[in-house]
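Just coords_17.txt here, compact mmCIF, C-alpha atoms:
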```txt
# COMPACT_ATOMS: atom_id res chain seq x y z
CA MET B 3 -99.69 -61.35 -84.25
CA PRO B 4 -97.14 -63.18 -82.07
CA PRO B 5 -98.31 -65.87 -79.66
CA LEU B 6 -98.01 -65.44 -75.91
CA GLU B 7 -95.29 -68.09 -75.83
CA THR B 8 -94.27 -71.08 -77.92
CA ALA B 9 -96.64 -74.06 -77.64
CA ASP B 10 -97.92 -76.83 -79.88
CA ASP B 11 -101.18 -74.92 -80.31
CA PRO B 12 -100.43 -71.38 -79.11
CA CYS B 13 -102.94 -68.69 -78.32
CA ASP B 14 -102.72 -66.33 -81.32
CA LEU B 15 -102.86 -63.14 -79.27
CA SER B 16 -100.21 -61.14 -77.47
CA LEU B 17 -100.53 -60.90 -73.70
CA ALA B 18 -101.88 -57.35 -73.92
CA GLU B 19 -104.45 -58.46 -76.49
CA ALA B 20 -105.44 -61.50 -74.41
CA LEU B 21 -106.02 -59.29 -71.36
CA SER B 22 -107.98 -56.79 -73.45
CA THR B 23 -110.15 -59.56 -74.88
CA THR B 24 -110.66 -60.98 -71.39
CA ALA B 25 -111.76 -57.55 -70.13
CA ALA B 26 -114.31 -57.30 -72.94
CA ARG B 27 -115.67 -60.75 -72.05
CA ALA B 28 -115.35 -60.62 -68.26
CA ASP B 29 -118.98 -61.62 -67.78
CA ARG B 30 -118.35 -64.72 -69.95
CA CYS B 31 -114.91 -65.63 -68.63
CA VAL B 32 -113.72 -68.27 -66.15
CA PHE B 33 -110.29 -68.55 -64.55
CA PHE B 34 -109.15 -72.03 -63.45
CA PHE B 35 -106.32 -72.70 -60.99
CA ASP B 36 -104.54 -75.77 -59.77
CA PHE B 37 -103.54 -75.48 -56.09
CA ASP B 38 -100.26 -77.16 -55.08
CA GLY B 39 -97.30 -75.75 -56.97
CA THR B 40 -99.49 -73.11 -58.60
CA LEU B 41 -101.06 -71.07 -55.80
CA ALA B 42 -98.98 -72.58 -52.99
CA PRO B 43 -95.38 -73.79 -52.77
CA ILE B 44 -94.90 -77.54 -52.47
CA GLN B 45 -94.03 -78.76 -48.95
CA ASP B 46 -92.88 -82.12 -47.56
CA ASP B 47 -96.02 -82.24 -45.40
CA PRO B 48 -99.15 -81.70 -47.55
CA ASP B 49 -101.15 -80.55 -44.53
CA ALA B 50 -98.67 -77.73 -43.90
CA VAL B 51 -99.07 -76.14 -47.33
CA GLN B 52 -100.20 -72.51 -47.30
CA LEU B 53 -100.96 -70.02 -50.06
CA ALA B 54 -98.10 -68.00 -51.47
CA PRO B 55 -98.09 -64.40 -50.15
CA GLY B 56 -100.59 -62.26 -52.01
CA VAL B 57 -102.58 -65.13 -53.54
CA LEU B 58 -105.66 -64.79 -51.33
CA GLY B 59 -106.06 -61.09 -52.09
CA ALA B 60 -105.39 -61.54 -55.80
CA ILE B 61 -107.92 -64.37 -56.15
CA THR B 62 -110.49 -62.41 -54.15
CA ASP B 63 -110.06 -59.37 -56.42
CA LEU B 64 -110.23 -61.51 -59.55
CA ALA B 65 -113.42 -63.27 -58.40
CA ALA B 66 -115.11 -59.87 -58.15
CA ARG B 67 -114.29 -59.04 -61.79
CA VAL B 68 -114.94 -62.16 -63.85
CA LYS B 69 -117.91 -64.47 -64.09
CA ARG B 70 -116.27 -67.40 -62.29
CA VAL B 71 -113.06 -68.50 -60.60
CA SER B 72 -112.61 -72.25 -60.14
CA LEU B 73 -110.01 -74.36 -58.39
CA VAL B 74 -109.31 -77.77 -59.95
CA SER B 75 -107.09 -79.74 -57.62
CA ALA B 76 -106.08 -83.14 -56.30
CA ARG B 77 -106.95 -81.81 -52.84
CA PRO B 78 -110.32 -82.50 -51.17
CA VAL B 79 -112.88 -79.71 -51.39
CA ASP B 80 -112.80 -79.16 -47.61
CA PHE B 81 -109.06 -78.45 -47.73
CA LEU B 82 -109.47 -75.98 -50.59
CA ARG B 83 -112.27 -74.17 -48.80
CA SER B 84 -110.11 -73.86 -45.67
CA ARG B 85 -107.52 -71.90 -47.68
CA PHE B 86 -110.09 -69.56 -49.26
CA PRO B 87 -112.67 -68.84 -46.53
CA GLY B 88 -115.49 -66.64 -47.72
CA VAL B 89 -114.21 -66.28 -51.31
CA PRO B 90 -116.91 -67.07 -53.91
CA LEU B 91 -115.23 -69.91 -55.78
CA THR B 92 -116.24 -73.09 -57.57
CA LEU B 93 -114.18 -75.94 -56.12
CA HIS B 94 -113.35 -79.20 -57.85
CA GLY B 95 -111.42 -81.50 -55.54
CA LEU B 96 -109.84 -84.92 -56.12
CA TYR B 97 -109.51 -84.20 -59.85
CA GLY B 98 -113.22 -83.46 -60.03
CA LEU B 99 -114.49 -86.40 -57.99
CA GLU B 100 -115.77 -83.81 -55.49
CA SER B 101 -117.28 -80.43 -56.40
CA GLN B 102 -118.76 -77.48 -54.56
CA TYR B 103 -120.55 -74.75 -56.46
CA GLY B 104 -120.65 -71.49 -54.55
CA ALA B 105 -122.01 -71.99 -51.04
CA GLY B 106 -123.71 -75.27 -51.93
CA GLU B 107 -123.05 -78.72 -50.54
CA THR B 108 -120.10 -80.77 -51.71
CA VAL B 109 -121.25 -83.33 -54.26
CA THR B 110 -119.43 -86.53 -55.23
CA TYR B 111 -119.10 -87.84 -58.77
CA PRO B 112 -121.39 -90.90 -58.48
CA PRO B 113 -119.31 -93.45 -60.48
CA ALA B 114 -116.44 -92.98 -58.01
CA LEU B 115 -118.40 -93.96 -54.91
CA PRO B 116 -118.06 -97.78 -55.31
CA TYR B 117 -114.27 -97.38 -55.01
CA ALA B 118 -114.35 -95.82 -51.53
CA ASP B 119 -113.82 -99.06 -49.59
CA VAL B 120 -110.99 -100.22 -51.87
CA ILE B 121 -109.20 -96.87 -51.51
CA ALA B 122 -109.52 -96.96 -47.72
CA GLU B 123 -108.06 -100.46 -47.58
CA LEU B 124 -105.20 -99.50 -49.89
CA ALA B 125 -104.33 -96.56 -47.66
CA ARG B 126 -104.07 -98.91 -44.69
CA ARG B 127 -101.97 -101.37 -46.68
CA ALA B 128 -99.67 -98.62 -47.94
CA GLU B 129 -98.99 -97.59 -44.35
CA ARG B 130 -98.03 -101.18 -43.51
CA GLU B 131 -96.17 -102.21 -46.64
CA LEU B 132 -94.30 -99.14 -47.89
CA PRO B 133 -91.16 -97.74 -46.23
CA ASP B 134 -91.68 -95.31 -43.35
CA ASP B 135 -90.28 -92.41 -45.42
CA VAL B 136 -93.25 -92.64 -47.80
CA LEU B 137 -96.03 -90.30 -46.70
CA VAL B 138 -99.45 -91.84 -47.29
CA GLU B 139 -102.16 -89.22 -47.84
CA TYR B 140 -105.65 -90.75 -47.69
CA LYS B 141 -108.33 -88.60 -49.35
CA ARG B 142 -111.48 -90.76 -49.24
CA LEU B 143 -111.64 -91.39 -52.99
CA SER B 144 -107.92 -91.42 -53.69
CA VAL B 145 -104.66 -92.13 -51.92
CA ALA B 146 -101.45 -90.22 -52.67
CA LEU B 147 -98.04 -91.76 -52.01
CA HIS B 148 -95.46 -89.01 -51.45
CA TYR B 149 -91.74 -89.80 -51.63
CA ARG B 150 -90.41 -86.22 -51.59
CA SER B 151 -88.42 -86.83 -48.39
CA ALA B 152 -86.83 -89.95 -49.94
CA PRO B 153 -86.57 -89.59 -53.75
CA GLU B 154 -84.55 -92.80 -53.95
CA LEU B 155 -87.79 -94.69 -53.16
CA ARG B 156 -89.46 -93.60 -56.41
CA ASP B 157 -89.16 -96.98 -58.15
CA THR B 158 -90.36 -98.84 -55.04
CA VAL B 159 -93.42 -96.62 -54.69
CA HIS B 160 -94.27 -96.73 -58.38
CA ALA B 161 -93.96 -100.52 -58.54
CA TRP B 162 -96.26 -100.93 -55.53
CA ALA B 163 -98.79 -98.47 -56.99
CA GLN B 164 -98.71 -100.14 -60.40
CA GLU B 165 -99.36 -103.55 -58.87
CA GLN B 166 -102.30 -102.26 -56.82
CA ALA B 167 -103.77 -100.36 -59.75
CA GLY B 168 -103.74 -103.50 -61.87
CA ARG B 169 -105.18 -105.65 -59.10
CA HIS B 170 -108.04 -103.32 -58.19
CA GLY B 171 -108.80 -101.62 -61.49
CA LEU B 172 -107.55 -98.19 -60.41
CA ARG B 173 -105.86 -95.37 -62.29
CA GLU B 174 -102.40 -94.03 -61.51
CA GLN B 175 -101.74 -90.28 -61.58
CA GLU B 176 -98.10 -89.26 -61.46
CA GLY B 177 -97.06 -85.89 -60.05
CA ARG B 178 -94.22 -84.08 -58.37
CA MET B 179 -92.57 -86.71 -56.12
CA VAL B 180 -95.94 -88.41 -55.74
CA ILE B 181 -98.08 -91.06 -57.36
CA GLU B 182 -101.78 -91.21 -56.69
CA LEU B 183 -104.22 -94.09 -56.98
CA LYS B 184 -107.76 -93.10 -57.88
CA PRO B 185 -110.95 -94.62 -59.32
CA SER B 186 -110.87 -95.76 -62.92
CA VAL B 187 -113.61 -93.39 -64.06
CA GLN B 188 -113.80 -90.88 -66.90
CA ARG B 189 -113.14 -87.88 -64.72
CA ASP B 190 -110.02 -85.71 -64.63
CA LYS B 191 -109.05 -82.06 -64.81
CA GLY B 192 -109.64 -82.06 -68.54
CA SER B 193 -113.20 -83.33 -68.34
CA VAL B 194 -113.96 -80.86 -65.54
CA VAL B 195 -112.71 -77.93 -67.60
CA ALA B 196 -114.45 -79.15 -70.76
CA GLU B 197 -117.77 -79.27 -68.91
CA GLU B 198 -117.37 -75.93 -67.20
CA ILE B 199 -116.38 -73.88 -70.24
CA GLU B 200 -119.64 -74.66 -71.99
CA GLY B 201 -121.39 -71.32 -72.34
CA PHE B 202 -118.20 -69.31 -71.78
CA SER B 203 -116.23 -67.50 -74.47
CA CYS B 204 -113.05 -67.05 -72.43
CA ALA B 205 -111.03 -69.24 -70.05
CA TRP B 206 -107.57 -69.21 -68.47
CA TYR B 207 -105.98 -72.21 -66.77
CA PHE B 208 -102.98 -71.98 -64.41
CA GLY B 209 -101.18 -75.23 -63.60
CA ASP B 210 -97.76 -76.69 -62.88
CA ASP B 211 -97.92 -80.49 -62.98
CA LEU B 212 -98.67 -83.43 -65.25
CA GLY B 213 -102.30 -83.67 -64.16
CA ASP B 214 -102.86 -80.18 -65.57
CA LEU B 215 -102.02 -81.25 -69.12
CA ALA B 216 -105.53 -82.66 -69.55
CA ALA B 217 -106.95 -79.23 -68.72
CA PHE B 218 -104.59 -77.60 -71.21
CA ARG B 219 -105.83 -80.03 -73.87
CA ALA B 220 -109.45 -79.16 -73.06
CA LEU B 221 -108.77 -75.48 -73.78
CA ALA B 222 -106.92 -76.34 -76.99
CA ASP B 223 -109.78 -78.58 -78.12
CA ARG B 224 -112.29 -75.81 -77.44
CA ARG B 225 -110.25 -73.36 -79.50
CA THR B 226 -110.24 -75.86 -82.38
CA THR B 227 -114.02 -76.26 -82.42
CA HIS B 228 -114.82 -72.64 -81.51
CA PRO B 229 -112.27 -70.34 -83.21
CA ASP B 230 -113.59 -67.26 -81.41
CA PHE B 231 -112.99 -68.85 -77.98
CA LEU B 232 -110.12 -67.36 -75.96
CA GLY B 233 -108.30 -70.10 -74.07
CA VAL B 234 -105.01 -69.27 -72.37
CA ARG B 235 -102.81 -71.95 -70.78
CA VAL B 236 -100.43 -70.69 -68.10
CA ALA B 237 -97.59 -72.91 -66.84
CA VAL B 238 -96.25 -72.17 -63.37
CA ARG B 239 -92.69 -73.47 -63.69
CA ASN B 240 -91.27 -76.18 -61.45
CA PRO B 241 -87.92 -78.02 -61.56
CA GLU B 242 -89.40 -81.53 -61.45
CA THR B 243 -92.19 -82.05 -64.00
CA GLY B 244 -92.29 -78.52 -65.36
CA ALA B 245 -90.68 -79.05 -68.76
CA GLU B 246 -93.58 -80.99 -70.24
CA VAL B 247 -96.14 -78.60 -68.78
CA ALA B 248 -94.23 -75.55 -69.99
CA ALA B 249 -94.00 -76.99 -73.50
CA ALA B 250 -97.81 -77.16 -73.70
CA ALA B 251 -98.43 -73.65 -72.33
CA ASP B 252 -99.03 -70.26 -73.90
CA LEU B 253 -97.50 -68.33 -71.01
CA HIS B 254 -94.96 -69.15 -68.28
CA LEU B 255 -94.70 -67.83 -64.72
CA GLU B 256 -91.73 -68.47 -62.44
CA GLY B 257 -93.35 -70.28 -59.52
CA PRO B 258 -96.31 -69.54 -57.21
CA SER B 259 -94.81 -66.24 -56.05
CA ALA B 260 -95.19 -64.89 -59.60
CA VAL B 261 -98.92 -65.61 -59.73
CA PRO B 262 -100.22 -62.74 -57.49
CA PRO B 263 -98.44 -59.90 -59.37
CA PHE B 264 -99.60 -61.35 -62.68
CA LEU B 265 -103.20 -61.56 -61.42
CA GLN B 266 -103.05 -58.01 -60.13
CA LYS B 267 -101.99 -56.95 -63.61
CA ALA B 268 -104.97 -58.86 -65.00
CA VAL B 269 -107.31 -57.29 -62.43
CA THR B 270 -106.09 -53.84 -63.42
CA ALA B 271 -106.79 -54.64 -67.06
CA LEU B 272 -110.28 -55.82 -66.12
```
Please rewrite the model in this file as structure tokens.
Amino acid sequence: MPPLETADDPCDLSLAEALSTTAARADRCVFFFDFDGTLAPIQDDPDAVQLAPGVLGAITDLAARVKRVSLVSARPVDFLRSRFPGVPLTLHGLYGLESQYGAGETVTYPPALPYADVIAELARRAERELPDDVLVEYKRLSVALHYRSAPELRDTVHAWAQEQAGRHGLREQEGRMVIELKPSVQRDKGSVVAEEIEGFSCAWYFGDDLGDLAAFRALADRRTTHPDFLGVRVAVRNPETGAEVAAAADLHLEGPSAVPPFLQKAVTAL
């Protein structure tokens, strides 16, 4: 049977077959979504980002038909919750350094806590030392340095981030016109997905950026060790870092606006 799309390790089902298999396993299936660039168009101001039209309704409908819907994002949990009020979701913010399960309290990944003071100080230093056109987004356990409004500053921002990462033992996470400094702990989108799919026989992951590749690998690894597991990797195309993500995906969608109609098709199949 033909794969969904070309990938290094493609899902061996057609789209219709993948949806049919998902419907048969709905009570053992989890859908994962990145946020920025996947469910919402990228904006110069991160605080101004809103869901693409139709996303809220599509995610709400999907959550009523499968066992779990999870967001795995660089955003804080509180921000994610503000965009999906009342929707029963599992939220993993800051690449999994924060998590909220259902209506429970937000919990922090304990090994990341000792880095909080260093991150806060770096955010203050970034504001002082980097050019004014660099937007510094402080997120308690990480700091994102956005240069979307001044792409020519990429090398300056990356050099500063690399120096600070080496000095303070932090990790760098590159993304779309942004580099993020975060704790050097064994926690990323891949480890979050690998943990959460235990006990499930079906998972889909929708992502658009380099940080989502770890999640794609987690699904591929699960398929290798559990041949009956259905893992589908969906790339939401972007013109900046999208080529590498698309190459690793089973299925491609043309931007956040294409996600709601695809999910409605999935909901109908379910």
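Between CA of Asp214 in chain B and CA of Arg239 in chain B the separation is 12.3 Å.
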Which residue gives the smallest distance to Ser193 in chain B among B:Glu154, B:Asp119, B:Glu176, B:Asp223, with all atoms listed in the file counted?
B:Asp223
Restricting the calculation to all atoms listed in the file, which member of B:Val109, B:Ala245, B:Ala118, B:Leu58 is positioned closest to Val89 in chain B?
B:Leu58
Excluding Leu124 in chain B and any residue of its chain fewer than 5 positions from it, enumerate the residues within 9 Å of it, using all atoms listed in the file, and give them as a PyMOL selection string.
chain B and resi 119+129+145+166+183
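We find CA of Ser151 in chain B and CA of Phe34 in chain B to be spaced 29.6 Å apart.
Rounded to one decimal, CA of Ala250 in chain B and CA of Ala222 in chain B lie 9.7 Å from each other.
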Please provide the set of residues having any atom within 8 Å of Ala196 in chain B, restricted to only C-alpha atoms, with same-chain residues fewer than 2 positions apart removed, written as a ChimeraX atom specification.
/B:192-194,198-200,217,220-221,224
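Using only C-alpha atoms, the protein and nucleic acid residues lying no more than 10 Å from Lys191 in chain B, apart from those fewer than 2 places from it along its own chain, are Asp36, Val74, Ser75, Ala76, His94, Gly95, Leu96, Tyr97, Gly98, Leu99, Arg189, Ser193, Val194, Val195, Ala196, Gly213, Asp214, Leu215, Ala216, Ala217, Phe218, Arg219 and Ala220 of chain B.
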Excluding same-chain residues fewer than 5 positions from Ile121 in chain B, what lies within 12 Å of it counting only C-alpha atoms, as a tab-separated table (two decimals) with C-alpha atoms, in the frame of the given file?
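To be explicit, this is the file written out as result39.tsv:
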```
chain	number	residue	atom	x	y	z
B	114	ALA	CA	-116.44	-92.98	-58.01
B	115	LEU	CA	-118.40	-93.96	-54.91
B	116	PRO	CA	-118.06	-97.78	-55.31
B	126	ARG	CA	-104.07	-98.91	-44.69
B	127	ARG	CA	-101.97	-101.37	-46.68
B	128	ALA	CA	-99.67	-98.62	-47.94
B	138	VAL	CA	-99.45	-91.84	-47.29
B	139	GLU	CA	-102.16	-89.22	-47.84
B	140	TYR	CA	-105.65	-90.75	-47.69
B	141	LYS	CA	-108.33	-88.60	-49.35
B	142	ARG	CA	-111.48	-90.76	-49.24
B	143	LEU	CA	-111.64	-91.39	-52.99
B	144	SER	CA	-107.92	-91.42	-53.69
B	145	VAL	CA	-104.66	-92.13	-51.92
B	146	ALA	CA	-101.45	-90.22	-52.67
B	163	ALA	CA	-98.79	-98.47	-56.99
B	166	GLN	CA	-102.30	-102.26	-56.82
B	167	ALA	CA	-103.77	-100.36	-59.75
B	170	HIS	CA	-108.04	-103.32	-58.19
B	171	GLY	CA	-108.80	-101.62	-61.49
B	172	LEU	CA	-107.55	-98.19	-60.41
B	173	ARG	CA	-105.86	-95.37	-62.29
B	182	GLU	CA	-101.78	-91.21	-56.69
B	183	LEU	CA	-104.22	-94.09	-56.98
B	184	LYS	CA	-107.76	-93.10	-57.88
B	185	PRO	CA	-110.95	-94.62	-59.32
B	186	SER	CA	-110.87	-95.76	-62.92
```
Within-12 Å shell of (-88.6, -81.2, -64.4) in input frame, only C-alpha atoms, as a CSV table (one decimal) with C-alpha atoms, in the frame of the given file:
```csv
chain,number,residue,atom,x,y,z
B,177,GLY,CA,-97.1,-85.9,-60.0
B,178,ARG,CA,-94.2,-84.1,-58.4
B,179,MET,CA,-92.6,-86.7,-56.1
B,210,ASP,CA,-97.8,-76.7,-62.9
B,211,ASP,CA,-97.9,-80.5,-63.0
B,212,LEU,CA,-98.7,-83.4,-65.2
B,238,VAL,CA,-96.2,-72.2,-63.4
B,239,ARG,CA,-92.7,-73.5,-63.7
B,240,ASN,CA,-91.3,-76.2,-61.4
B,241,PRO,CA,-87.9,-78.0,-61.6
B,242,GLU,CA,-89.4,-81.5,-61.4
B,243,THR,CA,-92.2,-82.0,-64.0
B,244,GLY,CA,-92.3,-78.5,-65.4
B,245,ALA,CA,-90.7,-79.0,-68.8
B,246,GLU,CA,-93.6,-81.0,-70.2
B,247,VAL,CA,-96.1,-78.6,-68.8
B,248,ALA,CA,-94.2,-75.6,-70.0
B,249,ALA,CA,-94.0,-77.0,-73.5
```
Using only C-alpha atoms, which of B:Ile61, B:Val32, B:Val51, B:Leu21 sits nearest Arg77 in chain B?
B:Val51
Select from range 78-112 of chain B every residue with an atom at most 12 Å from any atom of range 40-45 of chain B, then for each give the shortest pair of atoms and their distance in Å to one decimal, using only C-alpha atoms, rows by chain and rising number, as a Markdown table.
```
| residue | atom | partner | partner_atom | distance |
| --- | --- | --- | --- | --- |
| B:Leu82 | CA | B:Leu41 | CA | 11.0 |
| B:Arg85 | CA | B:Ala42 | CA | 10.1 |
| B:Phe86 | CA | B:Leu41 | CA | 11.3 |
```
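With all atoms listed in the file as the basis for measurement, B:Leu64 is the residue among B:Arg30, B:Leu64, B:Ser16, B:Gln175 that approaches Ala271 in chain B most closely.
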Output as lines of an AutoDock Vina configuration file the centre and edge lengths (Å, one decimal) of the box along x, y and z of the file that holds every listed atom of range 31-42 of chain B after adding 5 Å on each side.
```
center_x = -106.1
center_y = -71.4
center_z = -60.8
size_x = 27.6
size_y = 21.5
size_z = 25.6
```
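Minimum atom-to-atom distance to Ala260 in chain B, evaluated using all atoms listed in the file, belongs to B:Ala54 out of B:Ala54, B:Ala161, B:Leu155, B:Leu93.
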